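Q: Sharing final_26.tsv (TSV, C-alpha atoms) below.
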```
chain	number	residue	atom	x	y	z
W	1	MET	CA	0.00	0.00	0.00
W	2	ASP	CA	1.25	3.47	-0.90
W	3	PHE	CA	0.61	6.02	1.86
W	4	SER	CA	2.75	8.77	0.32
W	5	PHE	CA	1.17	12.11	-0.50
W	6	ALA	CA	0.61	13.34	-4.03
W	7	GLU	CA	2.63	16.32	-5.21
W	8	ALA	CA	-0.30	18.73	-4.77
W	9	GLN	CA	-0.89	17.67	-1.17
W	10	THR	CA	2.77	18.07	-0.29
W	11	ALA	CA	2.94	21.44	-2.04
W	12	VAL	CA	-0.07	22.80	-0.14
W	13	ALA	CA	1.35	21.63	3.19
W	14	ASP	CA	4.84	22.99	2.49
W	15	LEU	CA	3.54	26.37	1.35
W	16	ALA	CA	1.23	26.74	4.36
W	17	ARG	CA	3.91	25.62	6.82
W	18	LYS	CA	6.41	28.17	5.51
W	19	LEU	CA	3.90	31.03	5.57
W	20	PHE	CA	2.62	30.25	9.07
W	21	ALA	CA	6.16	29.92	10.44
W	22	GLU	CA	7.10	33.33	9.04
W	23	ARG	CA	3.93	35.24	9.94
W	24	LEU	CA	2.69	33.61	13.15
W	25	THR	CA	5.54	34.04	15.58
W	26	PRO	CA	4.66	33.93	19.30
W	27	ALA	CA	4.74	37.74	19.34
W	28	ALA	CA	2.42	37.96	16.33
W	29	LEU	CA	0.01	35.46	17.90
W	30	LYS	CA	-0.14	37.55	21.07
W	31	THR	CA	-1.07	40.61	19.04
W	32	ILE	CA	-3.81	38.77	17.13
W	33	GLU	CA	-5.17	37.16	20.30
W	34	ALA	CA	-5.64	40.62	21.82
W	35	THR	CA	-8.33	41.40	19.21
W	36	GLU	CA	-11.91	40.25	19.70
W	37	ASP	CA	-12.34	38.30	16.46
W	38	ARG	CA	-8.70	37.18	16.20
W	39	PHE	CA	-8.68	38.02	12.52
W	40	GLN	CA	-5.76	39.49	10.62
W	41	ALA	CA	-6.93	40.74	7.23
W	42	PRO	CA	-3.43	41.09	5.66
W	43	LEU	CA	-2.58	37.45	6.45
W	44	TRP	CA	-5.96	36.31	5.11
W	45	LYS	CA	-5.25	38.19	1.88
W	46	GLU	CA	-1.79	36.64	1.72
W	47	LEU	CA	-3.32	33.17	2.01
W	48	ALA	CA	-5.62	34.09	-0.87
W	49	GLY	CA	-2.75	35.41	-2.96
W	50	LEU	CA	-0.91	32.11	-2.56
W	51	GLY	CA	-4.01	30.20	-3.66
W	52	LEU	CA	-4.48	28.50	-0.29
W	53	LEU	CA	-8.02	29.77	0.29
W	54	GLY	CA	-9.02	28.20	-3.01
W	55	THR	CA	-7.45	24.84	-2.20
W	56	ALA	CA	-10.66	22.79	-2.28
W	57	ILE	CA	-12.61	25.03	-4.65
W	58	ALA	CA	-13.05	23.91	-8.26
W	59	GLU	CA	-11.11	25.73	-10.97
W	60	SER	CA	-14.42	26.63	-12.63
W	61	ASP	CA	-15.38	28.42	-9.41
W	62	GLY	CA	-12.12	30.35	-9.14
W	63	GLY	CA	-10.17	27.92	-6.98
W	64	GLY	CA	-7.21	25.59	-7.27
W	65	GLY	CA	-9.22	22.52	-8.20
W	66	HIS	CA	-7.97	20.31	-5.38
W	67	GLY	CA	-10.05	18.32	-2.91
W	68	LEU	CA	-10.56	17.12	0.62
W	69	LEU	CA	-7.10	15.59	1.08
W	70	GLU	CA	-5.39	18.85	0.16
W	71	LEU	CA	-7.74	20.73	2.49
W	72	CYS	CA	-6.86	18.33	5.31
W	73	ALA	CA	-3.16	18.92	4.58
W	74	LEU	CA	-3.72	22.69	4.85
W	75	LEU	CA	-5.69	22.41	8.09
W	76	GLN	CA	-3.13	20.04	9.59
W	77	GLU	CA	-0.57	22.81	9.17
W	78	ALA	CA	-3.07	25.33	10.57
W	79	GLY	CA	-3.41	23.19	13.69
W	80	GLY	CA	0.35	22.88	13.97
W	81	ALA	CA	0.64	26.67	13.98
W	82	VAL	CA	-2.53	27.32	16.06
W	83	VAL	CA	-3.63	29.67	13.28
W	84	PRO	CA	-6.20	32.16	14.64
W	85	LEU	CA	-8.09	32.55	11.37
W	86	PRO	CA	-11.46	31.14	10.18
W	87	LEU	CA	-9.92	28.61	7.81
W	88	TRP	CA	-11.95	25.65	9.06
W	89	ALA	CA	-15.17	27.65	9.17
W	90	THR	CA	-14.79	29.16	5.70
W	91	LEU	CA	-13.26	26.29	3.75
W	92	ALA	CA	-14.70	23.19	5.43
W	93	LEU	CA	-18.05	24.38	6.82
W	94	GLY	CA	-18.87	26.80	4.01
W	95	ALA	CA	-17.03	26.36	0.73
W	96	LEU	CA	-17.08	22.55	0.64
W	97	PRO	CA	-20.88	22.10	0.78
W	98	ILE	CA	-21.54	25.08	-1.49
W	99	GLY	CA	-19.11	23.61	-4.01
W	100	LYS	CA	-20.91	20.26	-3.83
W	101	PHE	CA	-24.58	21.27	-3.58
W	102	GLY	CA	-24.73	24.90	-4.69
W	103	ASN	CA	-26.19	25.84	-8.04
W	104	ALA	CA	-24.19	27.79	-10.60
W	105	GLU	CA	-25.45	31.15	-9.34
W	106	GLN	CA	-24.59	30.38	-5.70
W	107	ARG	CA	-21.17	29.05	-6.56
W	108	GLY	CA	-20.41	32.01	-8.80
W	109	ARG	CA	-21.63	34.50	-6.21
W	110	LEU	CA	-19.69	33.08	-3.25
W	111	LEU	CA	-16.80	30.79	-4.10
W	112	PRO	CA	-14.57	33.00	-6.29
W	113	SER	CA	-14.71	35.70	-3.60
W	114	VAL	CA	-13.76	33.10	-0.95
W	115	ALA	CA	-10.71	32.17	-3.02
W	116	ARG	CA	-9.82	35.88	-3.38
W	117	GLY	CA	-10.05	36.39	0.38
W	118	GLU	CA	-13.07	38.68	0.14
W	119	THR	CA	-15.74	36.42	1.66
W	120	ILE	CA	-15.86	34.45	4.90
W	121	LEU	CA	-18.34	31.62	5.36
W	122	THR	CA	-19.37	29.40	8.24
W	123	ALA	CA	-22.07	26.96	9.35
W	124	ALA	CA	-24.30	26.75	12.41
W	125	LEU	CA	-24.28	23.06	13.32
W	126	ALA	CA	-24.75	23.07	17.10
W	127	GLU	CA	-27.87	23.65	19.16
W	128	TYR	CA	-28.51	23.58	22.89
W	129	GLY	CA	-29.33	20.09	24.14
W	130	SER	CA	-28.48	18.36	20.86
W	131	GLN	CA	-25.25	16.70	19.70
W	132	ASP	CA	-26.65	15.73	16.30
W	133	PRO	CA	-26.55	18.41	13.57
W	134	LEU	CA	-28.88	16.22	11.49
W	135	ARG	CA	-31.69	16.72	14.03
W	136	PRO	CA	-32.09	20.49	14.38
W	137	SER	CA	-34.91	22.07	16.34
W	138	THR	CA	-34.63	25.28	14.28
W	139	THR	CA	-37.62	25.55	11.94
W	140	ALA	CA	-38.26	26.97	8.49
W	141	ARG	CA	-41.69	27.58	6.95
W	142	ALA	CA	-42.45	28.53	3.40
W	143	ASP	CA	-43.77	32.05	2.80
W	144	GLY	CA	-44.34	32.54	-0.89
W	145	ALA	CA	-40.99	32.41	-2.67
W	146	ALA	CA	-39.08	32.75	0.62
W	147	TRP	CA	-38.66	30.85	3.89
W	148	ILE	CA	-39.02	32.12	7.46
W	149	LEU	CA	-36.51	30.73	9.98
W	150	ASN	CA	-36.84	30.58	13.76
W	151	GLY	CA	-34.51	28.98	16.30
W	152	VAL	CA	-31.28	29.27	18.24
W	153	LYS	CA	-27.85	27.97	17.23
W	154	THR	CA	-24.78	28.00	19.45
W	155	CYS	CA	-21.01	27.97	19.05
W	156	VAL	CA	-21.09	29.34	15.50
W	157	PRO	CA	-17.48	30.08	14.50
W	158	ALA	CA	-16.63	33.35	12.73
W	159	ALA	CA	-20.32	34.33	12.60
W	160	ARG	CA	-19.67	38.05	12.95
W	161	LEU	CA	-17.15	37.98	10.09
W	162	ALA	CA	-19.21	35.76	7.77
W	163	SER	CA	-21.18	36.89	4.73
W	164	ARG	CA	-23.29	33.73	4.79
W	165	ILE	CA	-23.97	31.15	7.51
W	166	LEU	CA	-25.21	27.69	6.55
W	167	VAL	CA	-28.20	26.88	8.76
W	168	GLY	CA	-29.99	23.55	8.91
W	169	ALA	CA	-33.69	23.75	9.79
W	170	ARG	CA	-36.76	21.51	9.85
W	171	THR	CA	-39.14	22.36	7.01
W	172	THR	CA	-42.15	20.07	6.66
W	173	GLY	CA	-42.53	17.04	8.92
W	174	ASP	CA	-39.15	15.38	9.31
W	175	ALA	CA	-37.69	17.06	6.22
W	176	LEU	CA	-34.74	19.44	6.49
W	177	GLY	CA	-33.52	22.38	4.51
W	178	VAL	CA	-30.14	24.12	4.49
W	179	PHE	CA	-30.25	27.89	4.15
W	180	LEU	CA	-27.54	30.46	3.40
W	181	VAL	CA	-28.41	33.06	6.02
W	182	ASP	CA	-27.09	36.60	5.78
W	183	ALA	CA	-25.50	37.31	9.18
W	184	LYS	CA	-26.73	40.92	8.94
W	185	ALA	CA	-30.31	40.09	7.95
W	186	ALA	CA	-33.24	41.42	9.97
W	187	GLY	CA	-34.06	39.06	12.83
W	188	VAL	CA	-30.53	37.66	13.19
W	189	LYS	CA	-29.01	38.30	16.62
W	190	LEU	CA	-25.40	37.31	17.36
W	191	GLU	CA	-24.16	37.12	20.93
W	192	ARG	CA	-20.45	36.52	21.55
W	193	GLN	CA	-19.33	33.33	23.27
W	194	VAL	CA	-15.69	32.69	24.25
W	195	THR	CA	-14.41	29.16	23.74
W	196	THR	CA	-11.89	27.13	25.72
W	197	ALA	CA	-9.15	28.39	23.39
W	198	GLY	CA	-10.25	32.02	23.68
W	199	GLU	CA	-11.82	32.05	20.22
W	200	SER	CA	-14.92	34.16	19.58
W	201	GLN	CA	-17.89	32.04	18.58
W	202	TYR	CA	-21.51	33.13	18.63
W	203	GLU	CA	-24.96	32.23	19.80
W	204	MET	CA	-27.19	32.89	16.82
W	205	THR	CA	-30.86	33.65	17.46
W	206	LEU	CA	-33.15	33.59	14.41
W	207	THR	CA	-36.45	35.42	14.80
W	208	ASN	CA	-38.63	35.36	11.69
W	209	VAL	CA	-35.56	35.63	9.48
W	210	ARG	CA	-36.55	35.79	5.83
W	211	VAL	CA	-34.38	33.78	3.43
W	212	ALA	CA	-34.93	34.19	-0.31
W	213	ARG	CA	-35.19	31.25	-2.68
W	214	GLU	CA	-31.75	31.94	-4.14
W	215	ASP	CA	-30.22	31.31	-0.71
W	216	ILE	CA	-31.54	27.76	-0.32
W	217	LEU	CA	-28.75	25.21	-0.69
W	218	GLY	CA	-30.12	22.32	-2.72
W	219	ASP	CA	-33.66	21.02	-2.29
W	220	PRO	CA	-35.37	22.55	0.78
W	221	GLU	CA	-36.89	19.14	1.50
W	222	ARG	CA	-33.59	17.23	1.07
W	223	GLY	CA	-31.27	19.20	3.32
W	224	ILE	CA	-30.55	15.97	5.17
W	225	ASP	CA	-28.40	14.98	2.18
W	226	VAL	CA	-26.37	18.18	2.53
W	227	LEU	CA	-25.86	17.80	6.27
W	228	ALA	CA	-25.12	14.07	6.07
W	229	TRP	CA	-22.40	14.90	3.51
W	230	LEU	CA	-21.07	17.94	5.38
W	231	VAL	CA	-20.82	16.66	8.96
W	232	PRO	CA	-18.26	13.87	8.37
W	233	ARG	CA	-16.13	16.21	6.26
W	234	ALA	CA	-16.35	18.94	8.87
W	235	THR	CA	-15.32	16.34	11.45
W	236	ILE	CA	-12.34	14.93	9.57
W	237	THR	CA	-10.97	18.38	8.72
W	238	LEU	CA	-11.20	19.20	12.42
W	239	VAL	CA	-9.37	15.95	13.20
W	240	ALA	CA	-6.65	16.98	10.73
W	241	MET	CA	-6.13	20.13	12.80
W	242	GLU	CA	-5.79	17.99	15.93
W	243	LEU	CA	-3.18	15.87	14.14
W	244	GLY	CA	-1.20	19.04	13.45
W	245	ILE	CA	-1.45	20.04	17.11
W	246	ALA	CA	-0.34	16.62	18.36
W	247	GLU	CA	2.62	16.51	15.97
W	248	ARG	CA	3.80	19.96	16.98
W	249	VAL	CA	3.59	19.45	20.75
W	250	LEU	CA	5.43	16.14	20.42
W	251	ARG	CA	8.29	17.91	18.60
W	252	MET	CA	8.26	20.67	21.20
W	253	THR	CA	8.44	18.08	23.97
W	254	ALA	CA	11.31	16.23	22.29
W	255	SER	CA	13.23	19.48	21.93
W	256	TYR	CA	12.59	20.55	25.51
W	257	THR	CA	13.40	17.22	27.16
W	258	THR	CA	16.65	16.83	25.23
W	259	SER	CA	17.85	20.32	26.22
W	260	ARG	CA	16.55	20.44	29.80
W	261	GLN	CA	19.09	18.92	32.18
W	262	GLN	CA	18.82	17.46	35.66
W	263	PHE	CA	21.63	15.65	37.48
W	264	ASP	CA	24.00	16.64	34.65
W	265	ARG	CA	22.10	14.87	31.90
W	266	PRO	CA	19.09	15.57	29.65
W	267	ILE	CA	15.80	14.58	31.23
W	268	ALA	CA	14.95	12.74	27.99
W	269	THR	CA	17.41	10.06	29.10
W	270	PHE	CA	15.33	9.27	32.20
W	271	GLN	CA	13.34	6.10	31.65
W	272	ALA	CA	9.98	7.50	32.79
W	273	VAL	CA	10.33	10.56	30.53
W	274	ALA	CA	11.34	8.44	27.53
W	275	GLN	CA	8.42	6.06	28.06
W	276	ARG	CA	5.94	8.92	28.36
W	277	ALA	CA	7.26	10.48	25.15
W	278	ALA	CA	7.16	7.10	23.38
W	279	ASP	CA	3.52	6.65	24.37
W	280	ALA	CA	2.78	10.11	22.96
W	281	TYR	CA	4.52	9.17	19.71
W	282	ILE	CA	2.35	6.06	19.38
W	283	ASP	CA	-0.74	8.17	20.00
W	284	VAL	CA	0.27	10.67	17.30
W	285	GLU	CA	0.77	7.89	14.77
W	286	SER	CA	-2.61	6.38	15.71
W	287	ILE	CA	-4.30	9.72	15.03
W	288	ARG	CA	-2.40	10.01	11.74
W	289	VAL	CA	-3.43	6.61	10.38
W	290	ALA	CA	-7.06	7.03	11.42
W	291	THR	CA	-7.20	10.55	9.97
W	292	TRP	CA	-5.89	9.75	6.53
W	293	GLN	CA	-7.85	6.53	6.17
W	294	ALA	CA	-11.11	8.35	6.85
W	295	ALA	CA	-10.14	11.37	4.74
W	296	TRP	CA	-9.23	9.18	1.78
W	297	ARG	CA	-12.52	7.26	1.94
W	298	LEU	CA	-14.48	10.51	2.09
W	299	SER	CA	-12.47	11.93	-0.82
W	300	GLU	CA	-13.46	8.87	-2.85
W	301	GLU	CA	-17.11	9.22	-1.78
W	302	LEU	CA	-16.94	5.82	-0.05
W	303	PRO	CA	-18.92	4.96	3.11
W	304	ALA	CA	-16.81	6.21	6.02
W	305	SER	CA	-19.03	6.79	9.05
W	306	ALA	CA	-17.17	4.26	11.21
W	307	GLU	CA	-13.77	5.48	10.00
W	308	VAL	CA	-14.65	9.10	10.76
W	309	GLY	CA	-15.90	8.06	14.19
W	310	VAL	CA	-12.67	6.19	14.91
W	311	ALA	CA	-10.60	9.17	13.76
W	312	LYS	CA	-12.55	11.59	15.97
W	313	PHE	CA	-12.32	9.18	18.90
W	314	PHE	CA	-8.53	8.96	18.55
W	315	ALA	CA	-8.23	12.71	18.02
W	316	SER	CA	-10.14	13.30	21.24
W	317	GLU	CA	-8.70	10.59	23.47
W	318	ALA	CA	-5.16	10.20	22.11
W	319	GLY	CA	-4.93	13.92	21.37
W	320	HIS	CA	-5.74	14.67	25.00
W	321	ARG	CA	-3.07	12.23	26.17
W	322	VAL	CA	-0.46	13.83	23.91
W	323	VAL	CA	-1.04	17.43	25.00
W	324	TYR	CA	-1.34	16.37	28.65
W	325	ALA	CA	1.95	14.47	28.44
W	326	ALA	CA	3.55	17.53	26.84
W	327	GLN	CA	2.33	19.74	29.68
W	328	HIS	CA	3.54	17.22	32.25
W	329	LEU	CA	6.99	16.79	30.74
W	330	HIS	CA	7.44	20.54	30.39
W	331	ALA	CA	6.53	20.94	34.09
W	332	GLY	CA	6.02	24.60	35.01
W	333	MET	CA	7.15	25.80	31.57
W	334	GLY	CA	4.04	24.26	30.06
W	335	PHE	CA	1.83	26.70	31.95
W	336	ASP	CA	3.88	29.83	31.25
W	337	LEU	CA	1.79	32.07	28.98
W	338	ASP	CA	4.99	33.40	27.42
W	339	TYR	CA	5.76	29.85	26.25
W	340	PRO	CA	3.59	28.66	23.31
W	341	LEU	CA	2.52	25.25	24.62
W	342	HIS	CA	-0.61	26.51	26.39
W	343	ARG	CA	-2.19	27.50	23.05
W	344	TYR	CA	-1.97	23.95	21.76
W	345	TYR	CA	-3.44	22.46	24.93
W	346	LEU	CA	-6.43	24.80	24.87
W	347	LEU	CA	-7.15	24.39	21.15
W	348	SER	CA	-6.83	20.62	21.48
W	349	LYS	CA	-9.40	20.62	24.28
W	350	GLN	CA	-11.76	22.72	22.17
W	351	ILE	CA	-11.45	20.33	19.21
W	352	GLU	CA	-11.95	17.36	21.53
W	353	LEU	CA	-15.44	18.59	22.40
W	354	THR	CA	-16.47	19.99	19.00
W	355	LEU	CA	-18.83	17.94	16.79
W	356	GLY	CA	-19.17	15.25	19.42
W	357	SER	CA	-16.92	14.06	22.23
W	358	SER	CA	-15.11	10.72	22.19
W	359	SER	CA	-17.96	9.03	24.08
W	360	THR	CA	-20.48	10.32	21.55
W	361	HIS	CA	-18.52	8.86	18.64
W	362	LEU	CA	-17.85	5.63	20.50
W	363	ALA	CA	-21.60	5.19	21.03
W	364	ARG	CA	-22.23	5.82	17.32
W	365	ILE	CA	-19.60	3.28	16.30
W	366	GLY	CA	-21.16	0.73	18.64
W	367	ALA	CA	-24.64	1.38	17.26
W	368	GLU	CA	-23.34	1.00	13.69
W	369	LEU	CA	-21.65	-2.28	14.54
W	370	ALA	CA	-24.85	-3.53	16.13
W	371	ARG	CA	-26.82	-2.68	12.99
W	372	SER	CA	-24.32	-4.50	10.80
W	373	GLU	CA	-24.81	-7.81	12.64
```
Hey, can you dump this file as structure tokens for me?

A:
Amino acid sequence: MDFSFAEAQTAVADLARKLFAERLTPAALKTIEATEDRFQAPLWKELAGLGLLGTAIAESDGGGGHGLLELCALLQEAGGAVVPLPLWATLALGALPIGKFGNAEQRGRLLPSVARGETILTAALAEYGSQDPLRPSTTARADGAAWILNGVKTCVPAARLASRILVGARTTGDALGVFLVDAKAAGVKLERQVTTAGESQYEMTLTNVRVAREDILGDPERGIDVLAWLVPRATITLVAMELGIAERVLRMTASYTTSRQQFDRPIATFQAVAQRAADAYIDVESIRVATWQAAWRLSEELPASAEVGVAKFFASEAGHRVVYAAQHLHAGMGFDLDYPLHRYYLLSKQIELTLGSSSTHLARIGAELARSE
């Protein structure tokens, strides 16, 4: 079996890694983190100029013509640099489903401007009391040529920056629709929420929000198809970010433990430290294998619900063990806010609980196995 990356995937990763290393120094990250939305327009434009924002957008829609694997490679590097930009929200939650299900007018209106760095997108997948984006309580009723939406979404990333927010809502009976909601439309209220990692997300209250026909993504009665396609891809791109985090903190830990000395020798030579680091290495490789297996199956449009669940489980459980081991082996340095490790720990914890915790995915895997018997 050949697990090597194609030239395009390697090129995307290399380009992103170089840019993030140059632009997102610890000092630069501190400056960006001091702003409410943690958004740096010049860096976003630079990403666009290098073609990275168009990575998974078709050439006919103004992008680079690549796919999910290249997007995962980009987001893996974003995780490794704790990039404080709405890459996941715009490219995975917004551009991917619009590219797949949007009509020619929607794609032409939104995707070229995403690739140029002019438009930010996101999706509202979470609701209070529900861990299943495919079962929203938000409702939509037809009103002539438009639809009227009511409901509350929570933890919507980059909502205040976004031009359009993908919103799933119940239409008639058990049917669902997916709507491209203007964040500034009448009846939309955004209230800031601060995540574990300090990121600004938003509670989004929809009160009789009118959405025109041209902003319905696909069939308003078949939105379940859109969400069932989007959620696993949103999950695996998030897992790719966790892989980048785990890789980076493992390298940081290796560097620290080989330079930090006690009793006139590096602490990496102590058996307990070496074993803890070795366990972390095994966990990183477990996340890697699970991530790319699931991502490849999704890229080939193959069934991958179990594989995505396994990847998210490993990203949550093994990812937690890796960042915790890094904090432990760094001792007090790991908690120093002038040292970068704390950013990785906090972002890892946020990813762990986004789109379902490890126990949620474990239960889904078990239920799927039971159905297959």

Q: For segment 325-347 of chain W against segment 225-244 of chain W, with a cut-off of 12 Å and counting all atoms listed in the file, what is the closest atom pair and its distance in Å to one decimal for every residue that makes the cut, ordered by chain and number, as a Markdown table?

A:
```
| residue | atom | partner | partner_atom | distance |
| --- | --- | --- | --- | --- |
| W:Tyr344 | CA | W:Glu242 | CA | 9.2 |
| W:Tyr345 | CA | W:Glu242 | CA | 10.3 |
| W:Leu346 | CA | W:Glu242 | CA | 11.3 |
| W:Leu347 | CA | W:Glu242 | CA | 8.4 |
```

Q: W:Gln327, W:Ser259, W:Gln9, W:Asn208: which is nearest Gly65 of chain W, counting all atoms listed in the file?

A: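 Of W:Gln327, W:Ser259, W:Gln9, W:Asn208, the one nearest Gly65 of chain W is W:Gln9, counting all atoms listed in the file.
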
Q: With all atoms listed in the file as the atoms that count, which of W:Thr269, W:Gln106, W:Ala315, W:Thr31 lies nearest to Ala290 of chain W?

A: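 Among the listed residues, W:Ala315 lies closest to Ala290 of chain W.
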
Q: Could you name the residues that touch segment 154-157 of chain W at 6 Å or less, counting only C-alpha atoms, but leaving out those on the same chain fewer than 6 positions away, as a list in words?

A: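 My list of contacting residues is Ala124, Ala126, Glu127, Gln201, Tyr202 and Glu203 of chain W.
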
Q: For atom CA of Leu180 of chain W and atom CA of Glu70 of chain W, quote the distance in Å rounded to one decimal.

A: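 That distance, rounded to one decimal, is 25.2 Å.
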
Q: Using only C-alpha atoms, which residue out of W:Thr360, W:Arg343, W:Leu91, W:Val273 lies closest to Val310 of chain W?

A: W:Thr360

Q: Take the point (-38.8, 24.0, 21.0) as written in the file and pick out every residue within 9 Å of it, counting only C-alpha atoms; give the list as a ChimeraX atom specification.

A: /W:137-138,151

Q: Rank nothing, just name the residue among W:Ala140, W:Ala159, W:Ala304, W:Leu217 nearest to Val178 of chain W, using only C-alpha atoms.

A: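 Once distances to Val178 of chain W are computed over only C-alpha atoms, the minimum belongs to W:Leu217.
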
Q: So which one's closest to Leu369 of chain W, W:Ala295, W:Leu29, W:Ala306, W:Ile216? Using all atoms listed in the file, please.

A: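 Closest to Leu369 of chain W of all the choices is W:Ala306.
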
Q: Which of these residues is nearest to Val284 of chain W, using all atoms listed in the file: W:Thr257, W:Ser316, W:Thr207, W:Thr171?

A: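 Checking each candidate against Val284 of chain W, we get W:Ser316 as the closest.
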
Q: To one decimal in Å, tell me the separation between atom CA of Ala13 of chain W and atom CA of Trp88 of chain W.

A: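 Result for atom CA of Ala13 of chain W versus atom CA of Trp88 of chain W: 15.1 Å, one decimal.
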